[in-house]
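model-v8.pdb follows; it contains PDB, C-alpha atoms.
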MODEL        1
ATOM      1  CA  MET A1413      43.723  33.787  -2.248
ATOM      2  CA  GLN A1414      42.132  36.603  -0.267
ATOM      3  CA  LYS A1415      39.592  35.714   2.341
ATOM      4  CA  PRO A1416      36.125  36.859   1.198
ATOM      5  CA  ARG A1417      34.737  39.832   3.084
ATOM      6  CA  SER A1418      31.673  39.211   5.189
ATOM      7  CA  GLY A1419      28.321  40.739   4.428
ATOM      8  CA  ARG A1420      28.341  42.492   7.790
ATOM      9  CA  THR A1421      31.620  44.265   7.007
ATOM     10  CA  TRP A1422      30.347  45.370   3.630
ATOM     11  CA  LEU A1423      27.151  46.677   5.230
ATOM     12  CA  LEU A1424      29.173  48.644   7.783
ATOM     13  CA  LEU A1425      31.186  50.329   5.029
ATOM     14  CA  TYR A1426      28.044  51.123   3.099
ATOM     15  CA  MET A1427      26.289  52.618   6.140
ATOM     16  CA  LEU A1428      29.370  54.689   7.007
ATOM     17  CA  ASP A1429      29.552  56.120   3.520
ATOM     18  CA  ARG A1430      25.829  56.579   3.026
ATOM     19  CA  TYR A1431      24.819  58.163   6.290
ATOM     20  CA  PHE A1432      27.862  59.480   8.171
ATOM     21  CA  LEU A1433      30.245  60.966   5.618
ATOM     22  CA  PRO A1434      29.449  64.589   4.679
ATOM     23  CA  GLY A1435      27.384  65.343   1.632
ATOM     24  CA  GLY A1436      26.049  61.811   1.306
ATOM     25  CA  PHE A1437      23.985  61.287  -1.808
ATOM     26  CA  ARG A1438      23.507  57.712  -2.902
ATOM     27  CA  ILE A1439      26.923  56.051  -2.644
ATOM     28  CA  ARG A1440      29.857  58.408  -3.021
ATOM     29  CA  TYR A1441      33.422  57.457  -3.822
ATOM     30  CA  PHE A1442      36.466  59.477  -2.873
ATOM     31  CA  GLN A1443      39.931  60.014  -4.261
ATOM     32  CA  ALA A1444      41.369  57.697  -1.628
ATOM     33  CA  ASN A1445      42.277  54.656  -3.702
ATOM     34  CA  VAL A1446      42.417  52.432  -0.631
ATOM     35  CA  LEU A1447      38.822  53.119   0.333
ATOM     36  CA  GLY A1448      37.717  52.917  -3.272
ATOM     37  CA  ARG A1449      39.382  49.570  -3.863
ATOM     38  CA  VAL A1450      37.907  48.217  -0.641
ATOM     39  CA  PHE A1451      34.467  49.118  -1.929
ATOM     40  CA  LEU A1452      35.254  47.415  -5.226
ATOM     41  CA  ASP A1453      36.474  44.315  -3.362
ATOM     42  CA  TYR A1454      33.179  44.177  -1.553
ATOM     43  CA  GLY A1455      31.380  43.744  -4.795
ATOM     44  CA  LEU A1456      29.637  47.083  -5.256
ATOM     45  CA  ASN A1457      30.190  46.664  -8.982
ATOM     46  CA  ALA A1458      27.504  43.991  -8.894
ATOM     47  CA  PHE A1459      25.019  46.801  -8.305
ATOM     48  CA  GLY A1460      26.005  48.611 -11.474
ATOM     49  CA  LEU A1461      28.286  51.175  -9.837
ATOM     50  CA  VAL A1462      31.747  52.306 -10.840
ATOM     51  CA  LEU A1463      34.548  54.144  -9.056
ATOM     52  CA  CYS A1464      36.127  57.441  -9.999
ATOM     53  CA  TYR A1465      39.896  57.565  -9.506
ATOM     54  CA  PRO A1466      42.300  60.508  -9.851
ATOM     55  CA  GLU A1467      43.889  58.949 -12.956
ATOM     56  CA  MET A1468      40.421  58.780 -14.452
ATOM     57  CA  ARG A1469      40.076  62.539 -14.147
ATOM     58  CA  GLU A1470      43.640  63.296 -15.234
ATOM     59  CA  SER A1471      43.202  61.429 -18.483
ATOM     60  CA  GLY A1472      39.910  63.232 -18.959
ATOM     61  CA  ILE A1473      37.684  60.192 -18.757
ATOM     62  CA  ASN A1474      34.551  61.892 -17.545
ATOM     63  CA  GLN A1475      31.886  60.925 -20.050
ATOM     64  CA  ASN A1476      28.702  59.712 -18.339
ATOM     65  CA  VAL A1477      30.139  60.691 -14.951
ATOM     66  CA  ALA A1478      28.443  63.409 -12.919
ATOM     67  CA  ARG A1479      31.264  64.907 -10.885
ATOM     68  CA  THR A1480      30.766  67.035  -7.785
ATOM     69  CA  ARG A1481      33.546  69.088  -6.315
ATOM     70  CA  THR A1482      33.464  70.201  -2.706
ATOM     71  CA  LYS A1483      35.369  73.366  -2.013
ATOM     72  CA  GLU A1484      36.845  74.059   1.392
ATOM     73  CA  LYS A1485      39.034  77.048   2.218
ATOM     74  CA  GLY A1486      39.677  77.755  -1.445
ATOM     75  CA  MET A1487      41.008  74.279  -2.191
ATOM     76  CA  PHE A1488      39.442  71.317  -3.904
ATOM     77  CA  VAL A1489      39.807  68.677  -1.233
ATOM     78  CA  LYS A1490      37.341  66.071  -2.351
ATOM     79  CA  ASP A1491      36.285  64.792  -5.747
ATOM     80  CA  THR A1492      33.310  62.504  -6.024
ATOM     81  CA  CYS A1493      31.320  60.901  -8.744
ATOM     82  CA  GLU A1494      28.177  58.883  -9.082
ATOM     83  CA  VAL A1495      27.503  56.627 -12.010
ATOM     84  CA  MET A1496      24.568  54.441 -12.874
ATOM     85  CA  ILE A1497      25.475  51.816 -15.451
ATOM     86  CA  SER A1498      25.008  48.153 -16.031
ATOM     87  CA  PRO A1499      27.342  45.783 -14.126
ATOM     88  CA  GLU A1500      28.889  44.353 -17.265
ATOM     89  CA  ARG A1501      30.411  47.773 -18.082
ATOM     90  CA  VAL A1502      32.558  47.833 -14.944
ATOM     91  CA  SER A1503      36.273  47.269 -15.345
ATOM     92  CA  ALA A1504      37.492  44.493 -13.066
ATOM     93  CA  LYS A1505      40.988  46.014 -13.011
ATOM     94  CA  CYS A1506      40.391  49.264 -11.172
ATOM     95  CA  GLY A1507      36.721  50.113 -11.343
ATOM     96  CA  MET A1508      37.325  52.513 -14.198
ATOM     97  CA  GLU A1509      35.451  52.090 -17.442
ATOM     98  CA  ILE A1510      35.690  54.018 -20.677
ATOM     99  CA  PHE A1511      32.192  54.135 -22.084
ATOM    100  CA  MET A1512      33.209  54.701 -25.669
ATOM    101  CA  SER A1513      33.626  52.474 -28.668
ATOM    102  CA  LYS A1514      32.712  54.477 -31.776
ATOM    103  CA  VAL A1515      35.131  57.371 -32.298
ATOM    104  CA  PHE A1516      35.021  59.789 -35.238
ATOM    105  CA  VAL A1517      38.546  60.923 -36.169
ATOM    106  CA  ILE A1518      39.500  64.271 -37.682
ATOM    107  CA  PRO A1519      43.111  64.077 -38.912
ATOM    108  CA  ASP A1520      45.580  66.931 -39.507
ATOM    109  CA  VAL A1521      43.643  70.070 -40.462
ATOM    110  CA  HIS A1522      46.453  72.378 -41.640
ATOM    111  CA  LEU A1523      44.310  75.471 -42.186
ATOM    112  CA  LYS A1524      41.392  73.704 -43.884
ATOM    113  CA  PRO A1525      38.340  75.031 -42.007
ATOM    114  CA  TRP A1526      36.050  73.306 -44.490
ATOM    115  CA  MET A1527      37.060  69.982 -42.933
ATOM    116  CA  PHE A1528      34.883  70.821 -39.926
ATOM    117  CA  GLU A1529      31.900  71.533 -42.165
ATOM    118  CA  GLN A1530      32.358  68.202 -43.908
ATOM    119  CA  ALA A1531      32.821  66.386 -40.602
ATOM    120  CA  GLU A1532      29.643  68.001 -39.251
ATOM    121  CA  LYS A1533      27.597  66.634 -42.146
ATOM    122  CA  LEU A1534      28.918  63.126 -41.625
ATOM    123  CA  ILE A1535      28.445  63.218 -37.860
ATOM    124  CA  LYS A1536      24.797  64.199 -38.283
ATOM    125  CA  GLN A1537      24.247  61.094 -40.398
ATOM    126  CA  ASP A1538      25.300  58.728 -37.628
ATOM    127  CA  SER A1539      25.948  58.517 -33.902
ATOM    128  CA  TYR A1540      29.464  58.695 -32.464
ATOM    129  CA  ASP A1541      30.545  58.394 -28.844
ATOM    130  CA  ARG A1542      33.567  60.632 -29.188
ATOM    131  CA  ILE A1543      35.402  62.791 -31.684
ATOM    132  CA  VAL A1544      39.207  62.964 -31.742
ATOM    133  CA  LEU A1545      41.238  65.726 -33.393
ATOM    134  CA  LEU A1546      44.715  64.415 -34.230
ATOM    135  CA  GLY A1547      46.315  67.855 -34.119
ATOM    136  CA  ASP A1548      48.222  70.099 -36.513
ATOM    137  CA  ILE A1549      45.355  72.519 -36.831
ATOM    138  CA  MET A1550      47.820  75.250 -37.814
ATOM    139  CA  ASP A1551      50.061  75.937 -40.843
ATOM    140  CA  ASP A1552      49.998  75.027 -44.507
ATOM    141  CA  TRP A1553      52.200  75.567 -47.515
ATOM    142  CA  GLY A1554      52.716  79.256 -48.360
ATOM    143  CA  GLN A1555      50.116  80.563 -45.892
ATOM    144  CA  GLU A1556      52.476  82.177 -43.389
ATOM    145  CA  ARG A1557      50.998  85.675 -43.870
ATOM    146  CA  ASN A1558      47.390  84.648 -44.413
ATOM    147  CA  LEU A1559      45.987  85.884 -41.088
ATOM    148  CA  GLU A1560      42.455  85.603 -42.396
ATOM    149  CA  LEU A1561      42.823  81.873 -43.020
ATOM    150  CA  TYR A1562      44.389  81.311 -39.594
ATOM    151  CA  SER A1563      41.501  83.213 -37.979
ATOM    152  CA  GLU A1564      38.889  81.337 -39.996
ATOM    153  CA  THR A1565      40.402  77.976 -39.024
ATOM    154  CA  ILE A1566      40.548  78.896 -35.341
ATOM    155  CA  GLU A1567      36.917  80.060 -35.387
ATOM    156  CA  ALA A1568      35.813  76.885 -37.164
ATOM    157  CA  THR A1569      37.658  74.757 -34.581
ATOM    158  CA  VAL A1570      36.190  76.618 -31.599
ATOM    159  CA  THR A1571      32.664  76.495 -33.031
ATOM    160  CA  PHE A1572      32.913  72.785 -33.790
ATOM    161  CA  ILE A1573      34.153  71.915 -30.313
ATOM    162  CA  ALA A1574      31.475  74.083 -28.695
ATOM    163  CA  ASP A1575      28.863  72.147 -30.659
ATOM    164  CA  HIS A1576      30.519  68.824 -29.809
ATOM    165  CA  PRO A1577      31.831  68.815 -26.212
ATOM    166  CA  ASN A1578      32.699  65.124 -26.630
ATOM    167  CA  THR A1579      35.695  66.244 -28.721
ATOM    168  CA  TRP A1580      39.251  65.399 -27.658
ATOM    169  CA  LEU A1581      42.403  67.053 -29.001
ATOM    170  CA  CYS A1582      45.880  65.583 -29.484
ATOM    171  CA  TYR A1583      48.447  68.394 -29.774
ATOM    172  CA  GLY A1584      50.493  68.344 -32.964
ATOM    173  CA  ASN A1585      53.972  69.683 -33.689
ATOM    174  CA  HIS A1586      52.549  72.530 -35.781
ATOM    175  CA  ASP A1587      50.415  73.583 -32.815
ATOM    176  CA  MET A1588      53.058  73.335 -30.094
ATOM    177  CA  SER A1589      55.672  75.061 -32.249
ATOM    178  CA  TYR A1590      53.908  78.357 -31.522
ATOM    179  CA  VAL A1591      53.629  77.704 -27.807
ATOM    180  CA  TRP A1592      57.333  76.845 -27.611
ATOM    181  CA  GLN A1593      58.569  79.014 -30.513
ATOM    182  CA  GLY A1594      59.992  75.993 -32.253
ATOM    183  CA  PHE A1595      60.722  76.974 -35.822
ATOM    184  CA  GLU A1596      59.840  74.487 -38.554
ATOM    185  CA  SER A1597      58.363  74.336 -42.056
ATOM    186  CA  GLY A1598      55.278  76.511 -42.371
ATOM    187  CA  TYR A1599      55.955  78.373 -39.119
ATOM    188  CA  SER A1600      54.563  81.910 -39.203
ATOM    189  CA  ALA A1601      56.277  84.400 -36.917
ATOM    190  CA  TYR A1602      53.928  86.953 -38.458
ATOM    191  CA  ALA A1603      50.854  85.099 -37.144
ATOM    192  CA  ARG A1604      52.285  83.768 -33.871
ATOM    193  CA  GLU A1605      50.383  86.060 -31.492
ATOM    194  CA  LEU A1606      47.099  85.290 -33.237
ATOM    195  CA  ILE A1607      47.798  81.552 -33.188
ATOM    196  CA  VAL A1608      48.818  81.375 -29.518
ATOM    197  CA  LYS A1609      45.628  83.179 -28.518
ATOM    198  CA  GLY A1610      43.699  80.847 -30.818
ATOM    199  CA  ILE A1611      45.172  77.753 -29.189
ATOM    200  CA  GLN A1612      44.256  79.170 -25.795
ATOM    201  CA  ARG A1613      40.670  79.677 -26.964
ATOM    202  CA  ILE A1614      40.531  76.106 -28.222
ATOM    203  CA  GLU A1615      41.820  74.822 -24.880
ATOM    204  CA  MET A1616      39.268  76.905 -22.978
ATOM    205  CA  VAL A1617      36.275  75.579 -24.916
ATOM    206  CA  LEU A1618      37.420  71.969 -24.483
ATOM    207  CA  PRO A1619      36.281  70.191 -21.302
ATOM    208  CA  GLU A1620      38.946  69.627 -18.665
ATOM    209  CA  GLY A1621      41.420  66.931 -19.663
ATOM    210  CA  HIS A1622      40.347  66.828 -23.320
ATOM    211  CA  ALA A1623      43.527  68.457 -24.658
ATOM    212  CA  ALA A1624      46.763  66.474 -24.323
ATOM    213  CA  TYR A1625      49.474  64.788 -26.348
ATOM    214  CA  MET A1626      47.884  61.364 -25.965
ATOM    215  CA  HIS A1627      44.520  59.877 -25.096
ATOM    216  CA  ARG A1628      43.692  56.256 -24.417
ATOM    217  CA  MET A1629      40.195  55.010 -25.185
ATOM    218  CA  ASP A1630      39.611  51.337 -24.452
ATOM    219  CA  ASN A1631      42.183  49.408 -26.522
ATOM    220  CA  VAL A1632      43.224  52.338 -28.708
ATOM    221  CA  LEU A1633      45.834  55.041 -28.140
ATOM    222  CA  PHE A1634      45.360  58.328 -30.009
ATOM    223  CA  SER A1635      48.229  60.760 -30.563
ATOM    224  CA  HIS A1636      49.488  63.038 -33.289
ATOM    225  CA  ALA A1637      52.514  61.003 -34.354
ATOM    226  CA  GLY A1638      52.661  57.798 -32.298
ATOM    227  CA  LEU A1639      54.363  56.279 -29.281
ATOM    228  CA  THR A1640      57.535  54.395 -30.199
ATOM    229  CA  GLN A1641      59.586  51.821 -28.346
ATOM    230  CA  LYS A1642      62.612  54.098 -28.662
ATOM    231  CA  PHE A1643      60.900  56.983 -26.871
ATOM    232  CA  VAL A1644      59.687  54.758 -24.040
ATOM    233  CA  LEU A1645      63.122  53.196 -23.524
ATOM    234  CA  LYS A1646      64.791  56.607 -23.554
ATOM    235  CA  HIS A1647      62.541  58.230 -20.979
ATOM    236  CA  PHE A1648      61.335  55.328 -18.874
ATOM    237  CA  GLY A1649      64.588  53.382 -18.807
ATOM    238  CA  SER A1650      63.305  49.834 -19.043
ATOM    239  CA  SER A1651      63.132  47.184 -21.694
ATOM    240  CA  GLU A1652      60.174  45.674 -19.868
ATOM    241  CA  LYS A1653      56.697  46.807 -20.723
ATOM    242  CA  VAL A1654      55.689  49.725 -18.494
ATOM    243  CA  ASP A1655      52.054  50.284 -17.547
ATOM    244  CA  ILE A1656      50.544  52.292 -20.399
ATOM    245  CA  ASP A1657      48.363  54.502 -18.199
ATOM    246  CA  TYR A1658      51.442  55.522 -16.220
ATOM    247  CA  ILE A1659      53.308  56.301 -19.445
ATOM    248  CA  ILE A1660      50.447  58.407 -20.814
ATOM    249  CA  ASP A1661      50.156  60.357 -17.587
ATOM    250  CA  ARG A1662      53.892  61.099 -17.525
ATOM    251  CA  ILE A1663      54.085  62.027 -21.204
ATOM    252  CA  ASN A1664      51.105  64.371 -20.977
ATOM    253  CA  LYS A1665      53.038  66.324 -18.328
ATOM    254  CA  MET A1666      56.218  66.646 -20.392
ATOM    255  CA  GLY A1667      57.392  69.937 -21.892
ATOM    256  CA  ARG A1668      59.532  71.026 -24.796
ATOM    257  CA  PRO A1669      62.840  69.386 -23.712
ATOM    258  CA  TYR A1670      61.212  65.972 -24.031
ATOM    259  CA  MET A1671      58.567  66.511 -26.700
ATOM    260  CA  TRP A1672      60.527  68.556 -29.226
ATOM    261  CA  GLU A1673      62.436  65.463 -30.317
ATOM    262  CA  ASP A1674      62.266  63.452 -33.524
ATOM    263  CA  ASP A1675      60.969  60.349 -31.750
ATOM    264  CA  SER A1676      58.367  62.022 -29.505
ATOM    265  CA  PRO A1677      54.601  61.440 -29.852
ATOM    266  CA  ILE A1678      54.262  64.727 -31.759
ATOM    267  CA  TRP A1679      57.190  64.097 -34.123
ATOM    268  CA  ALA A1680      57.747  60.346 -34.610
ATOM    269  CA  ARG A1681      57.280  58.599 -37.947
ATOM    270  CA  PRO A1682      56.987  54.883 -37.150
ATOM    271  CA  GLN A1683      55.306  53.982 -40.436
ATOM    272  CA  GLY A1684      57.007  51.062 -42.130
ATOM    273  CA  GLY A1685      60.052  51.066 -39.900
ATOM    274  CA  GLU A1686      60.525  52.232 -36.338
ATOM    275  CA  ARG A1687      58.982  49.906 -33.797
ATOM    276  CA  ILE A1688      55.856  51.188 -32.101
ATOM    277  CA  TYR A1689      55.224  50.689 -28.423
ATOM    278  CA  LEU A1690      52.335  48.641 -27.014
ATOM    279  CA  MET A1691      51.450  45.041 -27.496
ATOM    280  CA  GLU A1692      47.858  44.053 -28.136
ATOM    281  CA  MET A1693      46.773  47.645 -28.656
ATOM    282  CA  MET A1694      46.086  49.893 -31.619
ATOM    283  CA  GLN A1695      47.572  53.339 -32.173
ATOM    284  CA  VAL A1696      45.809  55.963 -34.292
ATOM    285  CA  VAL A1697      47.936  58.837 -35.605
ATOM    286  CA  GLY A1698      48.189  61.582 -38.195
ATOM    287  CA  HIS A1699      51.379  63.594 -38.920
ATOM    288  CA  THR A1700      52.652  61.465 -41.804
ATOM    289  CA  PRO A1701      50.743  62.079 -45.067
ATOM    290  CA  VAL A1702      49.321  58.936 -46.691
ATOM    291  CA  LYS A1703      47.256  58.355 -49.810
ATOM    292  CA  LYS A1704      44.595  56.480 -47.872
ATOM    293  CA  ALA A1705      44.130  55.145 -44.357
ATOM    294  CA  LEU A1706      47.231  53.032 -43.729
ATOM    295  CA  PHE A1707      46.944  50.075 -41.354
ATOM    296  CA  GLU A1708      50.077  48.237 -40.236
ATOM    297  CA  GLY A1709      50.661  45.398 -37.774
ATOM    298  CA  ASP A1710      48.105  43.157 -36.112
ATOM    299  CA  ALA A1711      46.073  42.875 -32.933
ATOM    300  CA  ALA A1712      48.466  40.392 -31.320
ATOM    301  CA  CYS A1713      51.642  42.439 -31.761
ATOM    302  CA  GLY A1714      50.261  45.970 -31.834
ATOM    303  CA  SER A1715      48.942  47.918 -34.805
ATOM    304  CA  LEU A1716      49.267  51.415 -36.255
ATOM    305  CA  LEU A1717      46.601  53.323 -38.190
ATOM    306  CA  THR A1718      47.806  56.465 -40.001
ATOM    307  CA  LEU A1719      45.094  58.883 -41.130
ATOM    308  CA  ASP A1720      46.739  62.053 -42.481
ATOM    309  CA  THR A1721      44.875  61.875 -45.794
ATOM    310  CA  PHE A1722      43.935  65.572 -46.122
ATOM    311  CA  SER A1723      47.442  67.047 -46.470
ATOM    312  CA  THR A1724      48.725  68.422 -49.753
ATOM    313  CA  TYR A1725      51.915  68.785 -51.730
ATOM    314  CA  SER A1726      53.545  72.223 -51.760
ATOM    315  CA  ASN A1727      51.601  73.131 -54.902
ATOM    316  CA  GLY A1728      48.272  72.423 -53.190
ATOM    317  CA  THR A1729      47.607  69.061 -54.836
ATOM    318  CA  PRO A1730      45.975  66.612 -52.407
ATOM    319  CA  ILE A1731      48.141  63.692 -51.294
ATOM    320  CA  GLY A1732      45.377  61.465 -49.958
ATOM    321  CA  ASP A1733      41.778  60.507 -50.625
ATOM    322  CA  ARG A1734      40.445  62.980 -48.020
ATOM    323  CA  LEU A1735      38.075  60.500 -46.418
ATOM    324  CA  PHE A1736      37.195  60.466 -42.731
ATOM    325  CA  VAL A1737      37.410  57.340 -40.607
ATOM    326  CA  TRP A1738      35.751  56.131 -37.431
ATOM    327  CA  VAL A1739      37.412  53.704 -35.042
ATOM    328  CA  ASP A1740      35.909  50.961 -32.894
ATOM    329  CA  THR A1741      38.049  51.297 -29.775
ATOM    330  CA  GLU A1742      36.930  47.992 -28.289
ATOM    331  CA  LYS A1743      37.444  45.782 -31.343
ATOM    332  CA  MET A1744      40.426  47.804 -32.653
ATOM    333  CA  GLU A1745      38.842  48.170 -36.065
ATOM    334  CA  TYR A1746      38.443  51.142 -38.389
ATOM    335  CA  HIS A1747      35.852  52.067 -40.996
ATOM    336  CA  VAL A1748      36.195  54.558 -43.844
ATOM    337  CA  ILE A1749      33.235  56.937 -44.167
ATOM    338  CA  GLU A1750      32.120  57.846 -47.633
ATOM    339  CA  THR A1751      31.734  61.610 -48.024
ATOM    340  CA  CYS A1752      28.281  63.075 -48.491
ATOM    341  CA  ASP A1753      27.319  65.596 -51.119
TER     342      ASP A1753
ENDMDL
END

Here is a file; write its structure as structure tokens.
Amino acid sequence: MQKPRSGRTWLLLYMLDRYFLPGGFRIRYFQANVLGRVFLDYGLNAFGLVLCYPEMRESGINQNVARTRTKEKGMFVKDTCEVMISPERVSAKCGMEIFMSKVFVIPDVHLKPWMFEQAEKLIKQDSYDRIVLLGDIMDDWGQERNLELYSETIEATVTFIADHPNTWLCYGNHDMSYVWQGFESGYSAYARELIVKGIQRIEMVLPEGHAAYMHRMDNVLFSHAGLTQKFVLKHFGSSEKVDIDYIIDRINKMGRPYMWEDDSPIWARPQGGERIYLMEMMQVVGHTPVKKALFEGDAACGSLLTLDTFSTYSNGTPIGDRLFVWVDTEKMEYHVIETCD
């Protein structure tokens, strides 16, 4: 057991940070994990404060955090944050807390701009902490030359995100296929230039870190297709459970050679068969069309929620019930939202 730090030592650290380090404003925390963890050890969380670590920024967890960047000689050399929250919201693990629990999910769009209009109506009826787009904004059956529909969908996406900066995007295979020129069903070489520029516009309107393959929020992992045990074993080389935040960080930096595979988080289909990764966590995915929200597994062994209920058959007939869902990321529960007229 570690020897408790004395009050005098804690006071010395506080005074150093408050009055002698440059740019002091309240208590400031730096990228240096060692210093940050020392502050956490000294019990600053009891005062309702939380730390801001590099991994917190990389995963885009910046809600309720006022970040200040200090620029020296053209380089960002210091990243600080100040947060005022209640002590019970502080994570004992690393001082990082995700302040979200109620997440509105928009599944695969596939050139249906009206989905954003419908989502907007439902969002106005309630309060949601975050909104997650599960990807596959592009492509639909027989629309390869319909530039007007591609443009309309891109505009609807950009407008929606601009109105809701708490939106997070999980890239889908039908989105990345244009970035990587990966040919698949529905791919439109005719519309590629328009689509690539559209994806760039979507990325630009999203806050930093809000576009990635995967996002973790509390006890829930969001991705387009799902994280499988096979993919983790293949690329992380261990049968033991690897830290999930490390896995997410590594995957979000992967390119086509790793992601354009059948078992990747933008291509996998773990429903009813292939083993998903993560114990005691819930995964929320799209990609695989279902008639209604499909929940598999349990909280103890890991669960999978599939929400691609807006896709159609090749003749345009809807496959699913076309109902939106919101997810409680703390309790790992989901709730179907009845559509409004």

Decode the PyMOL selection byres ((chain A and resi 1694) around 8) for the given file into explicit residues and return them as an mmCIF file with C-alpha atoms, in the frame of the given file.
data_model
loop_
_atom_site.group_PDB
_atom_site.id
_atom_site.type_symbol
_atom_site.label_atom_id
_atom_site.label_comp_id
_atom_site.auth_asym_id
_atom_site.auth_seq_id
_atom_site.Cartn_x
_atom_site.Cartn_y
_atom_site.Cartn_z
ATOM 1 C CA ASN A 1631 42.183 49.408 -26.522
ATOM 2 C CA VAL A 1632 43.224 52.338 -28.708
ATOM 3 C CA LEU A 1633 45.834 55.041 -28.140
ATOM 4 C CA LEU A 1690 52.335 48.641 -27.014
ATOM 5 C CA GLU A 1692 47.858 44.053 -28.136
ATOM 6 C CA MET A 1693 46.773 47.645 -28.656
ATOM 7 C CA GLN A 1695 47.572 53.339 -32.173
ATOM 8 C CA VAL A 1696 45.809 55.963 -34.292
ATOM 9 C CA ALA A 1711 46.073 42.875 -32.933
ATOM 10 C CA GLY A 1714 50.261 45.970 -31.834
ATOM 11 C CA SER A 1715 48.942 47.918 -34.805
ATOM 12 C CA LEU A 1716 49.267 51.415 -36.255
ATOM 13 C CA LEU A 1717 46.601 53.323 -38.190
ATOM 14 C CA MET A 1744 40.426 47.804 -32.653
#

Lys1536 of chain A: which residues within 12 Å, counting all atoms listed in the file, same-chain residues fewer than 4 positions away excluded, as a VMD selection string? chain A and resid 1516 1529 to 1532 1540 1575 to 1576 1752

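Among the candidate residues A:Asp1630, A:Asp1541, A:Glu1615, A:Asp1720, the one lying nearest to Val1737 of chain A is A:Asp1720, with distances computed using only C-alpha atoms.
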
Local residues around (40.7, 57.8, -50.7), at most 10 Å away, using all atoms listed in the file, as a PyMOL selection string: chain A and resi 1702-1705+1721-1722+1731-1736+1748-1750

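Using all atoms listed in the file, the shortest contact distance between Lys1609 of chain A and any of A:Met1629, A:Ser1723, A:Ser1597, A:Val1570 is found at A:Val1570.
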
Starting from the shown file, work through the PyMOL selection byres ((chain A and resi 1561) around 12) and note down what comes out as a VMD selection string. chain A and resid 1522 to 1526 1549 to 1552 1554 to 1560 1562 to 1568 1603 1606 to 1607

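Atom to atom, atom CA of Thr1640 of chain A and atom CA of Arg1687 of chain A stand 5.9 Å apart.
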
Take the PyMOL selection byres ((chain A and resi 1670-1678) around 8), run it mentally on this structure, and tell me the resulting residues as a list in words.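 Going through the file, the PyMOL selection byres ((chain A and resi 1670-1678) around 8) ends up selecting Tyr1583, Gly1584, Asn1585, Tyr1625, Met1626, Ser1635, His1636, Ala1637, Gly1638, Leu1639, Thr1640, Lys1642, Phe1643, Met1666, Gly1667, Arg1668, Pro1669, Trp1679, Ala1680, Arg1681 and His1699 of chain A.
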
Length of the atom CA of Leu1546 of chain A to atom CA of Thr1700 of chain A vector [Å]: 11.4 Å

With all atoms listed in the file as the atoms that count, which of A:His1627, A:Lys1646, A:Lys1514, A:Arg1613 lies nearest to Glu1742 of chain A? A:Lys1514

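For the atom pair formed by atom CA of Thr1569 of chain A and atom CA of Gly1610 of chain A, the distance is 9.4 Å, given to one decimal.
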
Which residue of A:Gln1641, A:His1622, A:Ile1535, A:Thr1724 approaches Val1654 of chain A most closely, using all atoms listed in the file: A:Gln1641

Let me make sure I understand: among A:Met1527, A:Ile1663, A:Met1691, A:Val1517, which one has the smallest atom-to-atom distance to Val1739 of chain A if we use only C-alpha atoms? A:Val1517

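Of the listed residues A:Trp1738, A:Arg1628, A:Gly1684, A:Val1697, the one whose atoms come nearest to Ile1543 of chain A is A:Trp1738, with distances taken using all atoms listed in the file.
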